[in-house]
>>> print(open('upload-v6.cif').read())   # mmCIF, C-alpha atoms
data_work
loop_
_atom_site.group_PDB
_atom_site.id
_atom_site.type_symbol
_atom_site.label_atom_id
_atom_site.label_comp_id
_atom_site.auth_asym_id
_atom_site.auth_seq_id
_atom_site.Cartn_x
_atom_site.Cartn_y
_atom_site.Cartn_z
ATOM 1 C CA MET A 13 220.852 54.409 -105.637
ATOM 2 C CA LYS A 14 218.830 56.734 -103.431
ATOM 3 C CA VAL A 15 220.054 56.509 -99.841
ATOM 4 C CA VAL A 16 217.315 57.670 -97.466
ATOM 5 C CA LEU A 17 219.004 56.914 -94.143
ATOM 6 C CA GLU A 18 222.635 56.413 -93.212
ATOM 7 C CA ALA A 19 224.441 56.290 -89.873
ATOM 8 C CA ILE A 20 227.742 55.376 -88.290
ATOM 9 C CA VAL A 21 227.140 52.041 -86.595
ATOM 10 C CA GLY A 22 229.164 49.637 -84.467
ATOM 11 C CA SER A 23 231.399 50.637 -81.577
ATOM 12 C CA HIS A 24 231.260 54.358 -82.369
ATOM 13 C CA ALA A 25 227.460 54.360 -82.151
ATOM 14 C CA TYR A 26 227.501 52.225 -78.993
ATOM 15 C CA GLY A 27 229.993 54.468 -77.197
ATOM 16 C CA LEU A 28 232.475 51.585 -77.072
ATOM 17 C CA ALA A 29 235.026 52.788 -79.606
ATOM 18 C CA THR A 30 238.759 52.589 -78.932
ATOM 19 C CA GLU A 31 241.691 53.980 -80.878
ATOM 20 C CA ASN A 32 241.654 50.794 -82.981
ATOM 21 C CA SER A 33 237.957 50.923 -83.894
ATOM 22 C CA ASP A 34 236.985 51.202 -87.551
ATOM 23 C CA VAL A 35 234.244 53.486 -88.788
ATOM 24 C CA ASP A 36 231.384 51.456 -90.255
ATOM 25 C CA LEU A 37 228.387 52.902 -92.072
ATOM 26 C CA LYS A 38 225.020 51.272 -92.568
ATOM 27 C CA GLY A 39 222.043 52.638 -94.400
ATOM 28 C CA ILE A 40 218.760 52.197 -96.194
ATOM 29 C CA PHE A 41 218.198 52.831 -99.884
ATOM 30 C CA VAL A 42 215.076 52.924 -102.013
ATOM 31 C CA ALA A 43 215.085 51.267 -105.414
ATOM 32 C CA PRO A 44 212.889 52.886 -108.098
ATOM 33 C CA THR A 45 209.443 51.329 -107.936
ATOM 34 C CA ILE A 46 209.475 50.715 -111.662
ATOM 35 C CA GLU A 47 212.524 48.467 -111.137
ATOM 36 C CA ILE A 48 210.888 46.623 -108.234
ATOM 37 C CA LEU A 49 207.966 45.718 -110.480
ATOM 38 C CA LYS A 50 210.184 43.970 -113.013
ATOM 39 C CA LEU A 51 211.019 40.254 -112.957
ATOM 40 C CA ASN A 52 214.747 40.947 -112.685
ATOM 41 C CA LYS A 53 214.597 42.955 -109.476
ATOM 42 C CA PRO A 54 217.557 44.999 -108.185
ATOM 43 C CA LYS A 55 219.786 43.728 -105.380
ATOM 44 C CA GLU A 56 218.428 44.133 -101.870
ATOM 45 C CA THR A 57 221.850 44.610 -100.287
ATOM 46 C CA ILE A 58 224.856 46.597 -101.464
ATOM 47 C CA ASP A 59 228.231 46.368 -99.700
ATOM 48 C CA LYS A 60 231.180 48.668 -100.203
ATOM 49 C CA LYS A 61 234.698 48.779 -98.765
ATOM 50 C CA SER A 62 236.997 51.633 -97.717
ATOM 51 C CA PRO A 63 235.042 52.745 -95.815
ATOM 52 C CA ASP A 64 232.941 49.734 -94.868
ATOM 53 C CA VAL A 65 229.374 50.521 -95.900
ATOM 54 C CA CYS A 66 226.308 48.296 -96.085
ATOM 55 C CA TYR A 67 223.000 49.452 -97.562
ATOM 56 C CA HIS A 68 219.731 47.491 -97.517
ATOM 57 C CA GLU A 69 216.714 48.195 -99.717
ATOM 58 C CA VAL A 70 213.766 49.615 -97.793
ATOM 59 C CA GLU A 71 211.482 46.601 -98.263
ATOM 60 C CA LYS A 72 214.145 44.244 -96.899
ATOM 61 C CA VAL A 73 214.697 46.582 -93.969
ATOM 62 C CA MET A 74 211.008 46.670 -93.113
ATOM 63 C CA ARG A 75 210.747 42.889 -93.443
ATOM 64 C CA LEU A 76 213.705 42.302 -91.117
ATOM 65 C CA ALA A 77 212.634 45.016 -88.671
ATOM 66 C CA SER A 78 209.264 43.295 -88.243
ATOM 67 C CA LYS A 79 211.247 40.216 -87.189
ATOM 68 C CA ALA A 80 213.209 42.348 -84.691
ATOM 69 C CA ASN A 81 216.565 41.875 -86.406
ATOM 70 C CA PRO A 82 218.895 43.667 -83.945
ATOM 71 C CA SER A 83 221.257 45.259 -86.465
ATOM 72 C CA ILE A 84 218.293 46.579 -88.475
ATOM 73 C CA LEU A 85 216.154 47.816 -85.582
ATOM 74 C CA GLU A 86 218.974 49.927 -84.167
ATOM 75 C CA LEU A 87 219.048 51.974 -87.378
ATOM 76 C CA PHE A 88 215.749 53.552 -86.298
ATOM 77 C CA TYR A 89 217.109 54.608 -82.891
ATOM 78 C CA MET A 90 220.437 56.285 -83.666
ATOM 79 C CA ASP A 91 221.418 59.503 -81.896
ATOM 80 C CA GLU A 92 222.509 61.034 -85.188
ATOM 81 C CA TYR A 93 222.562 60.320 -88.904
ATOM 82 C CA THR A 94 224.994 61.120 -91.677
ATOM 83 C CA LYS A 95 222.087 61.181 -94.124
ATOM 84 C CA LEU A 96 218.340 61.371 -93.530
ATOM 85 C CA THR A 97 215.675 62.140 -96.141
ATOM 86 C CA ASP A 98 211.901 62.460 -95.793
ATOM 87 C CA GLU A 99 211.563 58.728 -96.489
ATOM 88 C CA GLY A 100 214.065 57.955 -93.744
ATOM 89 C CA LYS A 101 212.091 60.132 -91.332
ATOM 90 C CA MET A 102 208.920 58.263 -92.272
ATOM 91 C CA LEU A 103 210.547 55.003 -91.197
ATOM 92 C CA ILE A 104 211.762 56.450 -87.900
ATOM 93 C CA GLU A 105 208.305 57.839 -87.161
ATOM 94 C CA ILE A 106 206.767 54.338 -87.303
ATOM 95 C CA ARG A 107 209.608 52.467 -85.595
ATOM 96 C CA ASP A 108 207.302 51.371 -82.761
ATOM 97 C CA SER A 109 205.090 49.641 -85.335
ATOM 98 C CA PHE A 110 207.767 47.024 -86.048
ATOM 99 C CA LEU A 111 207.973 45.834 -82.442
ATOM 100 C CA SER A 112 206.220 42.782 -81.018
ATOM 101 C CA THR A 113 206.761 40.577 -77.996
ATOM 102 C CA ALA A 114 207.375 37.303 -79.828
ATOM 103 C CA ALA A 115 209.709 38.812 -82.428
ATOM 104 C CA VAL A 116 211.911 40.595 -79.896
ATOM 105 C CA PHE A 117 212.069 37.577 -77.589
ATOM 106 C CA ASN A 118 212.898 35.214 -80.434
ATOM 107 C CA ALA A 119 215.427 37.443 -82.168
ATOM 108 C CA TYR A 120 217.410 38.592 -79.150
ATOM 109 C CA LYS A 121 217.215 35.404 -77.114
ATOM 110 C CA GLY A 122 218.056 33.282 -80.150
ATOM 111 C CA TYR A 123 221.006 35.395 -81.195
ATOM 112 C CA VAL A 124 222.458 35.689 -77.689
ATOM 113 C CA PHE A 125 222.009 31.952 -77.049
ATOM 114 C CA SER A 126 223.880 31.076 -80.245
ATOM 115 C CA GLN A 127 226.678 33.518 -79.433
ATOM 116 C CA VAL A 128 227.087 32.221 -75.880
ATOM 117 C CA LYS A 129 227.252 28.679 -77.239
ATOM 118 C CA LYS A 130 229.907 29.764 -79.709
ATOM 119 C CA LEU A 131 231.842 31.525 -76.950
ATOM 120 C CA ASN A 132 231.697 28.439 -74.739
ATOM 121 C CA THR A 133 232.910 26.218 -77.594
ATOM 122 C CA HIS A 134 235.622 28.388 -79.092
ATOM 123 C CA GLY A 135 236.363 31.050 -76.503
ATOM 124 C CA HIS A 136 239.118 29.156 -74.726
ATOM 125 C CA PHE A 137 241.150 29.286 -77.926
ATOM 126 C CA LEU A 138 240.885 33.079 -78.094
ATOM 127 C CA GLN A 139 242.635 34.042 -74.898
ATOM 128 C CA VAL A 140 246.005 34.946 -76.345
ATOM 129 C CA GLY A 141 247.118 37.804 -78.584
ATOM 130 C CA ARG A 142 244.651 39.099 -81.138
ATOM 131 C CA GLY A 143 242.235 36.351 -80.165
ATOM 132 C CA GLU A 144 241.846 37.837 -76.714
ATOM 133 C CA HIS A 145 240.768 41.105 -78.321
ATOM 134 C CA ARG A 146 238.117 39.275 -80.367
ATOM 135 C CA GLN A 147 236.832 37.434 -77.309
ATOM 136 C CA SER A 148 236.536 40.678 -75.334
ATOM 137 C CA LYS A 149 234.651 42.362 -78.180
ATOM 138 C CA HIS A 150 232.421 39.306 -78.511
ATOM 139 C CA CYS A 151 231.496 39.404 -74.813
ATOM 140 C CA ARG A 152 230.722 43.112 -74.954
ATOM 141 C CA HIS A 153 228.518 42.504 -77.962
ATOM 142 C CA ILE A 154 226.531 39.760 -76.212
ATOM 143 C CA PHE A 155 225.857 41.797 -73.079
ATOM 144 C CA ARG A 156 224.930 44.901 -75.069
ATOM 145 C CA LEU A 157 222.349 42.912 -77.045
ATOM 146 C CA LEU A 158 220.842 41.561 -73.842
ATOM 147 C CA GLU A 159 220.479 45.115 -72.550
ATOM 148 C CA GLN A 160 218.923 46.276 -75.824
ATOM 149 C CA GLY A 161 216.426 43.426 -75.886
ATOM 150 C CA ARG A 162 215.482 44.008 -72.262
ATOM 151 C CA GLN A 163 214.825 47.692 -72.898
ATOM 152 C CA LEU A 164 212.744 46.986 -75.995
ATOM 153 C CA LEU A 165 210.547 44.539 -74.101
ATOM 154 C CA THR A 166 210.035 46.686 -71.019
ATOM 155 C CA GLU A 167 210.103 50.228 -72.434
ATOM 156 C CA GLY A 168 209.324 49.802 -76.114
ATOM 157 C CA LYS A 169 212.409 51.747 -77.143
ATOM 158 C CA MET A 170 216.153 51.356 -77.546
ATOM 159 C CA ASP A 171 219.158 53.391 -76.428
ATOM 160 C CA VAL A 172 221.848 52.508 -78.957
ATOM 161 C CA LYS A 173 224.608 54.107 -76.900
ATOM 162 C CA VAL A 174 225.357 52.039 -73.797
ATOM 163 C CA LYS A 175 224.647 53.499 -70.371
ATOM 164 C CA ASP A 176 227.672 52.057 -68.574
ATOM 165 C CA ARG A 177 230.738 51.745 -70.803
ATOM 166 C CA ASP A 178 233.033 50.711 -67.929
ATOM 167 C CA LYS A 179 230.739 47.871 -66.872
ATOM 168 C CA ILE A 180 230.640 46.436 -70.385
ATOM 169 C CA PHE A 181 234.417 46.588 -70.736
ATOM 170 C CA GLU A 182 234.722 44.798 -67.381
ATOM 171 C CA ILE A 183 232.465 42.049 -68.697
ATOM 172 C CA GLY A 184 234.613 41.885 -71.810
ATOM 173 C CA SER A 185 237.668 41.146 -69.669
ATOM 174 C CA LEU A 186 236.104 38.176 -67.851
ATOM 175 C CA PRO A 187 237.572 34.686 -68.359
ATOM 176 C CA VAL A 188 235.489 32.583 -70.726
ATOM 177 C CA ASP A 189 233.946 30.346 -68.052
ATOM 178 C CA LYS A 190 232.842 33.286 -65.915
ATOM 179 C CA ALA A 191 231.504 35.142 -68.939
ATOM 180 C CA VAL A 192 229.477 32.118 -70.044
ATOM 181 C CA THR A 193 228.047 31.678 -66.531
ATOM 182 C CA LEU A 194 227.081 35.351 -66.405
ATOM 183 C CA PHE A 195 225.363 35.233 -69.783
ATOM 184 C CA GLU A 196 223.463 32.052 -68.901
ATOM 185 C CA GLU A 197 222.176 33.761 -65.739
ATOM 186 C CA GLU A 198 221.227 36.871 -67.702
ATOM 187 C CA LEU A 199 219.409 34.763 -70.297
ATOM 188 C CA LYS A 200 217.270 33.207 -67.556
ATOM 189 C CA LYS A 201 216.341 36.692 -66.350
ATOM 190 C CA PHE A 202 215.624 37.704 -69.940
ATOM 191 C CA GLU A 203 213.198 34.807 -70.360
ATOM 192 C CA GLY A 204 211.247 36.038 -67.327
ATOM 193 C CA ILE A 205 210.716 39.597 -68.555
ATOM 194 C CA GLU A 206 207.121 40.787 -68.741
ATOM 195 C CA SER A 207 206.803 42.501 -72.092
ATOM 196 C CA THR A 208 204.888 45.722 -72.688
ATOM 197 C CA LEU A 209 204.955 45.213 -76.465
ATOM 198 C CA PRO A 210 201.990 44.204 -78.649
ATOM 199 C CA ASP A 211 201.480 40.642 -79.850
ATOM 200 C CA LYS A 212 202.365 41.468 -83.454
ATOM 201 C CA PRO A 213 203.746 44.332 -85.545
ATOM 202 C CA ASN A 214 201.353 46.912 -86.960
ATOM 203 C CA TYR A 215 201.477 45.558 -90.503
ATOM 204 C CA ASP A 216 198.700 47.853 -91.711
ATOM 205 C CA LEU A 217 200.781 50.943 -90.946
ATOM 206 C CA ILE A 218 204.019 49.333 -92.120
ATOM 207 C CA ASN A 219 202.501 48.456 -95.484
ATOM 208 C CA LYS A 220 200.887 51.878 -95.799
ATOM 209 C CA VAL A 221 204.247 53.602 -95.344
ATOM 210 C CA LEU A 222 205.993 51.203 -97.731
ATOM 211 C CA LEU A 223 203.407 51.941 -100.417
ATOM 212 C CA GLU A 224 203.813 55.672 -99.885
ATOM 213 C CA ILE A 225 207.601 55.370 -100.225
ATOM 214 C CA ARG A 226 207.109 53.368 -103.413
ATOM 215 C CA ARG A 227 204.730 56.038 -104.725
ATOM 216 C CA LEU A 228 207.269 58.781 -104.047
ATOM 217 C CA ASN A 229 210.023 56.884 -105.833
ATOM 218 C CA TYR A 230 208.316 55.448 -108.882
ATOM 219 C CA GLU A 231 211.042 56.430 -111.343
ATOM 220 C CA SER A 232 213.664 58.188 -109.198
#
>>> encode(input="upload-v6.cif", output="structure tokens")
Amino acid sequence: MKVVLEAIVGSHAYGLATENSDVDLKGIFVAPTIEILKLNKPKETIDKKSPDVCYHEVEKVMRLASKANPSILELFYMDEYTKLTDEGKMLIEIRDSFLSTAAVFNAYKGYVFSQVKKLNTHGHFLQVGRGEHRQSKHCRHIFRLLEQGRQLLTEGKMDVKVKDRDKIFEIGSLPVDKAVTLFEEELKKFEGIESTLPDKPNYDLINKVLLEIRRLNYES
């Protein structure tokens, strides 16, 4: 397996880590082109434990990035990488090409809406012990995604590390009802954002880069 990009993700990348935070790695690998051309294609995702690592094949990554999958898009905007090859740099160089108004709106709004609904339904049962910790982390995650989506739509870029750690931890400590109200208000604002992004991803460039990566890795 040829890993072309790898980074520490999660709370450490967001600047939200505590003494209890695990170190999670996520990356992109390139399968040999000769294997991709076979009927029995290799797996597109490989998970490992101790440490927790998740790798996605480059074609899957590009497919999901063009749909503005939040956990995939952020891989192109990390402050630092534990591994980065020429192929990984090629992906970072065209990261703007994956962005589009509809995809970002749909992905971020849809995900946040579903998470707020889940919080409203189950959050009241998570306000004691370990459950309270999960609820707080859940709230921080929702607000961070709203901020990421807003920045993508208005600036065409993403800061993975949060700008105001204290503010996000304050939001994480809100009671469920107040958190839900806040997120519903923020979602309304999100829906009113005027996007600076194009109508669709630049598929011509995306496909060109994918073909070049396949050419470079025919039998590797």
>>> resolve_selection(input="upload-v6.cif", expression="the PyMOL selection byres ((chain A and resi 152) around 12)", output="number ranges by chain")
A: 22-23, 26-29, 124, 127-128, 131, 145-151, 153-159, 174, 176-186, 191, 195
>>> write_last_selection(input="upload-v6.cif", atoms="C-alpha atoms", output="PDB file, keeping the file's coordinate frame")
ATOM      1  CA  GLY A  22     229.164  49.637 -84.467  1.00  0.00           C
ATOM      2  CA  SER A  23     231.399  50.637 -81.577  1.00  0.00           C
ATOM      3  CA  TYR A  26     227.501  52.225 -78.993  1.00  0.00           C
ATOM      4  CA  GLY A  27     229.993  54.468 -77.197  1.00  0.00           C
ATOM      5  CA  LEU A  28     232.475  51.585 -77.072  1.00  0.00           C
ATOM      6  CA  ALA A  29     235.026  52.788 -79.606  1.00  0.00           C
ATOM      7  CA  VAL A 124     222.458  35.689 -77.689  1.00  0.00           C
ATOM      8  CA  GLN A 127     226.678  33.518 -79.433  1.00  0.00           C
ATOM      9  CA  VAL A 128     227.087  32.221 -75.880  1.00  0.00           C
ATOM     10  CA  LEU A 131     231.842  31.525 -76.950  1.00  0.00           C
ATOM     11  CA  HIS A 145     240.768  41.105 -78.321  1.00  0.00           C
ATOM     12  CA  ARG A 146     238.117  39.275 -80.367  1.00  0.00           C
ATOM     13  CA  GLN A 147     236.832  37.434 -77.309  1.00  0.00           C
ATOM     14  CA  SER A 148     236.536  40.678 -75.334  1.00  0.00           C
ATOM     15  CA  LYS A 149     234.651  42.362 -78.180  1.00  0.00           C
ATOM     16  CA  HIS A 150     232.421  39.306 -78.511  1.00  0.00           C
ATOM     17  CA  CYS A 151     231.496  39.404 -74.813  1.00  0.00           C
ATOM     18  CA  HIS A 153     228.518  42.504 -77.962  1.00  0.00           C
ATOM     19  CA  ILE A 154     226.531  39.760 -76.212  1.00  0.00           C
ATOM     20  CA  PHE A 155     225.857  41.797 -73.079  1.00  0.00           C
ATOM     21  CA  ARG A 156     224.930  44.901 -75.069  1.00  0.00           C
ATOM     22  CA  LEU A 157     222.349  42.912 -77.045  1.00  0.00           C
ATOM     23  CA  LEU A 158     220.842  41.561 -73.842  1.00  0.00           C
ATOM     24  CA  GLU A 159     220.479  45.115 -72.550  1.00  0.00           C
ATOM     25  CA  VAL A 174     225.357  52.039 -73.797  1.00  0.00           C
ATOM     26  CA  ASP A 176     227.672  52.057 -68.574  1.00  0.00           C
ATOM     27  CA  ARG A 177     230.738  51.745 -70.803  1.00  0.00           C
ATOM     28  CA  ASP A 178     233.033  50.711 -67.929  1.00  0.00           C
ATOM     29  CA  LYS A 179     230.739  47.871 -66.872  1.00  0.00           C
ATOM     30  CA  ILE A 180     230.640  46.436 -70.385  1.00  0.00           C
ATOM     31  CA  PHE A 181     234.417  46.588 -70.736  1.00  0.00           C
ATOM     32  CA  GLU A 182     234.722  44.798 -67.381  1.00  0.00           C
ATOM     33  CA  ILE A 183     232.465  42.049 -68.697  1.00  0.00           C
ATOM     34  CA  GLY A 184     234.613  41.885 -71.810  1.00  0.00           C
ATOM     35  CA  SER A 185     237.668  41.146 -69.669  1.00  0.00           C
ATOM     36  CA  LEU A 186     236.104  38.176 -67.851  1.00  0.00           C
ATOM     37  CA  ALA A 191     231.504  35.142 -68.939  1.00  0.00           C
ATOM     38  CA  PHE A 195     225.363  35.233 -69.783  1.00  0.00           C
TER      39      PHE A 195
END
>>> atom_distance(input="upload-v6.cif", atom1="atom CA of Lys60 of chain A", atom2="atom CA of Leu37 of chain A")
9.6 Å
>>> resolve_selection(input="upload-v6.cif", expression="the PyMOL selection byres ((chain A and resi 90) around 9)", output="PyMOL selection string")
chain A and resi 19-21+25+86-89+91-93+170-173
>>> axis_aligned_box(input="upload-v6.cif", around="segment 95-100 of chain A", padding_each_side="5 Å", output="JSON")
{"center_x": 216.8, "center_y": 60.2, "center_z": -95.0, "size_x": 20.5, "size_y": 14.5, "size_z": 13.0}
>>> closest_residue(input="upload-v6.cif", among="A:Asn132, A:Gln163, A:Ser33, A:Ser62", to="Pro187 of chain A", atoms="only C-alpha atoms")
A:Asn132
>>> residues_around(input="upload-v6.cif", residues="Leu199 of chain A", least_positions_apart="3", cutoff="9 Å", atoms="only C-alpha atoms", output="list of chain:residue names")
A:Lys121, A:Val124, A:Phe125, A:Leu158, A:Leu194, A:Phe195, A:Glu196, A:Phe202, A:Glu203, A:Gly204
>>> residues_near_point(input="upload-v6.cif", point="(222.9, 51.0, -96.8)", cutoff="10 Å", atoms="all atoms listed in the file", output="list in words")
Met13, Lys14, Val15, Val16, Leu17, Glu18, Ala19, Leu37, Lys38, Gly39, Ile40, Phe41, Val42, Glu56, Thr57, Ile58, Asp59, Lys60, Val65, Cys66, Tyr67, His68, Glu69, Val70 and Val73 of chain A
>>> closest_residue(input="upload-v6.cif", among="A:Lys130, A:Lys220, A:Lys72, A:Tyr215", to="Val192 of chain A", atoms="all atoms listed in the file")
A:Lys130
>>> atom_distance(input="upload-v6.cif", atom1="atom CA of Pro82 of chain A", atom2="atom CA of Ala119 of chain A")
7.3 Å
>>> closest_residue(input="upload-v6.cif", among="A:Ser207, A:Thr97, A:Thr45, A:Ser83", to="Asn229 of chain A", atoms="only C-alpha atoms")
A:Thr45
>>> closest_residue(input="upload-v6.cif", among="A:Leu164, A:Glu231, A:Lys212, A:Lys129", to="Asp189 of chain A", atoms="all atoms listed in the file")
A:Lys129
>>> closest_residue(input="upload-v6.cif", among="A:Lys190, A:Gly100, A:Leu76, A:Tyr230", to="Pro213 of chain A", atoms="only C-alpha atoms")
A:Leu76
>>> resolve_selection(input="upload-v6.cif", expression="the PyMOL selection byres ((chain A and resi 208) around 7)", output="mmCIF file with C-alpha atoms, in the coordinates of the input")
data_model
loop_
_atom_site.group_PDB
_atom_site.id
_atom_site.type_symbol
_atom_site.label_atom_id
_atom_site.label_comp_id
_atom_site.auth_asym_id
_atom_site.auth_seq_id
_atom_site.Cartn_x
_atom_site.Cartn_y
_atom_site.Cartn_z
ATOM 1 C CA LEU A 165 210.547 44.539 -74.101
ATOM 2 C CA THR A 166 210.035 46.686 -71.019
ATOM 3 C CA GLU A 167 210.103 50.228 -72.434
ATOM 4 C CA GLY A 168 209.324 49.802 -76.114
ATOM 5 C CA GLU A 206 207.121 40.787 -68.741
ATOM 6 C CA SER A 207 206.803 42.501 -72.092
ATOM 7 C CA LEU A 209 204.955 45.213 -76.465
ATOM 8 C CA PRO A 210 201.990 44.204 -78.649
#
>>> atom_distance(input="upload-v6.cif", atom1="atom CA of Asn219 of chain A", atom2="atom CA of Ile48 of chain A")
15.4 Å
>>> closest_residue(input="upload-v6.cif", among="A:Ile84, A:Ile46, A:Ile225, A:Val35", to="Pro63 of chain A", atoms="all atoms listed in the file")
A:Val35
>>> build_atoms(input="upload-v6.cif", residues="segment 189-208 of chain A", atoms="N, CA and C atoms", output="PDB file, keeping the file's coordinate frame")
ATOM      1  N   ASP A 189     234.907  31.089 -68.872  1.00  0.00           N
ATOM      2  CA  ASP A 189     233.946  30.346 -68.052  1.00  0.00           C
ATOM      3  C   ASP A 189     233.051  31.270 -67.235  1.00  0.00           C
ATOM      4  N   LYS A 190     233.639  32.344 -66.700  1.00  0.00           N
ATOM      5  CA  LYS A 190     232.842  33.286 -65.915  1.00  0.00           C
ATOM      6  C   LYS A 190     231.898  34.084 -66.803  1.00  0.00           C
ATOM      7  N   ALA A 191     232.357  34.413 -67.999  1.00  0.00           N
ATOM      8  CA  ALA A 191     231.504  35.142 -68.939  1.00  0.00           C
ATOM      9  C   ALA A 191     230.309  34.289 -69.344  1.00  0.00           C
ATOM     10  N   VAL A 192     230.557  33.019 -69.646  1.00  0.00           N
ATOM     11  CA  VAL A 192     229.477  32.118 -70.044  1.00  0.00           C
ATOM     12  C   VAL A 192     228.463  31.966 -68.914  1.00  0.00           C
ATOM     13  N   THR A 193     228.941  31.796 -67.688  1.00  0.00           N
ATOM     14  CA  THR A 193     228.047  31.678 -66.531  1.00  0.00           C
ATOM     15  C   THR A 193     227.189  32.920 -66.373  1.00  0.00           C
ATOM     16  N   LEU A 194     227.815  34.090 -66.512  1.00  0.00           N
ATOM     17  CA  LEU A 194     227.081  35.351 -66.405  1.00  0.00           C
ATOM     18  C   LEU A 194     225.992  35.442 -67.468  1.00  0.00           C
ATOM     19  N   PHE A 195     226.332  35.117 -68.695  1.00  0.00           N
ATOM     20  CA  PHE A 195     225.363  35.233 -69.783  1.00  0.00           C
ATOM     21  C   PHE A 195     224.224  34.238 -69.628  1.00  0.00           C
ATOM     22  N   GLU A 196     224.517  33.043 -69.124  1.00  0.00           N
ATOM     23  CA  GLU A 196     223.463  32.052 -68.901  1.00  0.00           C
ATOM     24  C   GLU A 196     222.489  32.544 -67.834  1.00  0.00           C
ATOM     25  N   GLU A 197     223.028  33.192 -66.788  1.00  0.00           N
ATOM     26  CA  GLU A 197     222.176  33.761 -65.739  1.00  0.00           C
ATOM     27  C   GLU A 197     221.332  34.901 -66.291  1.00  0.00           C
ATOM     28  N   GLU A 198     221.948  35.739 -67.122  1.00  0.00           N
ATOM     29  CA  GLU A 198     221.227  36.871 -67.702  1.00  0.00           C
ATOM     30  C   GLU A 198     220.144  36.402 -68.675  1.00  0.00           C
ATOM     31  N   LEU A 199     220.403  35.309 -69.386  1.00  0.00           N
ATOM     32  CA  LEU A 199     219.409  34.763 -70.297  1.00  0.00           C
ATOM     33  C   LEU A 199     218.178  34.265 -69.532  1.00  0.00           C
ATOM     34  N   LYS A 200     218.390  33.663 -68.374  1.00  0.00           N
ATOM     35  CA  LYS A 200     217.270  33.207 -67.556  1.00  0.00           C
ATOM     36  C   LYS A 200     216.413  34.391 -67.114  1.00  0.00           C
ATOM     37  N   LYS A 201     217.074  35.481 -66.729  1.00  0.00           N
ATOM     38  CA  LYS A 201     216.341  36.692 -66.350  1.00  0.00           C
ATOM     39  C   LYS A 201     215.579  37.247 -67.558  1.00  0.00           C
ATOM     40  N   PHE A 202     216.230  37.193 -68.708  1.00  0.00           N
ATOM     41  CA  PHE A 202     215.624  37.704 -69.940  1.00  0.00           C
ATOM     42  C   PHE A 202     214.340  36.952 -70.260  1.00  0.00           C
ATOM     43  N   GLU A 203     214.368  35.636 -70.067  1.00  0.00           N
ATOM     44  CA  GLU A 203     213.198  34.807 -70.360  1.00  0.00           C
ATOM     45  C   GLU A 203     212.022  35.141 -69.449  1.00  0.00           C
ATOM     46  N   GLY A 204     212.306  35.719 -68.286  1.00  0.00           N
ATOM     47  CA  GLY A 204     211.247  36.038 -67.327  1.00  0.00           C
ATOM     48  C   GLY A 204     210.706  37.452 -67.429  1.00  0.00           C
ATOM     49  N   ILE A 205     211.167  38.213 -68.399  1.00  0.00           N
ATOM     50  CA  ILE A 205     210.716  39.597 -68.555  1.00  0.00           C
ATOM     51  C   ILE A 205     209.241  39.645 -68.967  1.00  0.00           C
ATOM     52  N   GLU A 206     208.503  40.541 -68.348  1.00  0.00           N
ATOM     53  CA  GLU A 206     207.121  40.787 -68.741  1.00  0.00           C
ATOM     54  C   GLU A 206     207.126  41.903 -69.786  1.00  0.00           C
ATOM     55  N   SER A 207     206.735  41.558 -70.979  1.00  0.00           N
ATOM     56  CA  SER A 207     206.803  42.501 -72.092  1.00  0.00           C
ATOM     57  C   SER A 207     205.634  43.487 -72.084  1.00  0.00           C
ATOM     58  N   THR A 208     205.929  44.708 -72.509  1.00  0.00           N
ATOM     59  CA  THR A 208     204.888  45.722 -72.688  1.00  0.00           C
ATOM     60  C   THR A 208     204.540  45.895 -74.168  1.00  0.00           C
TER      61      THR A 208
END
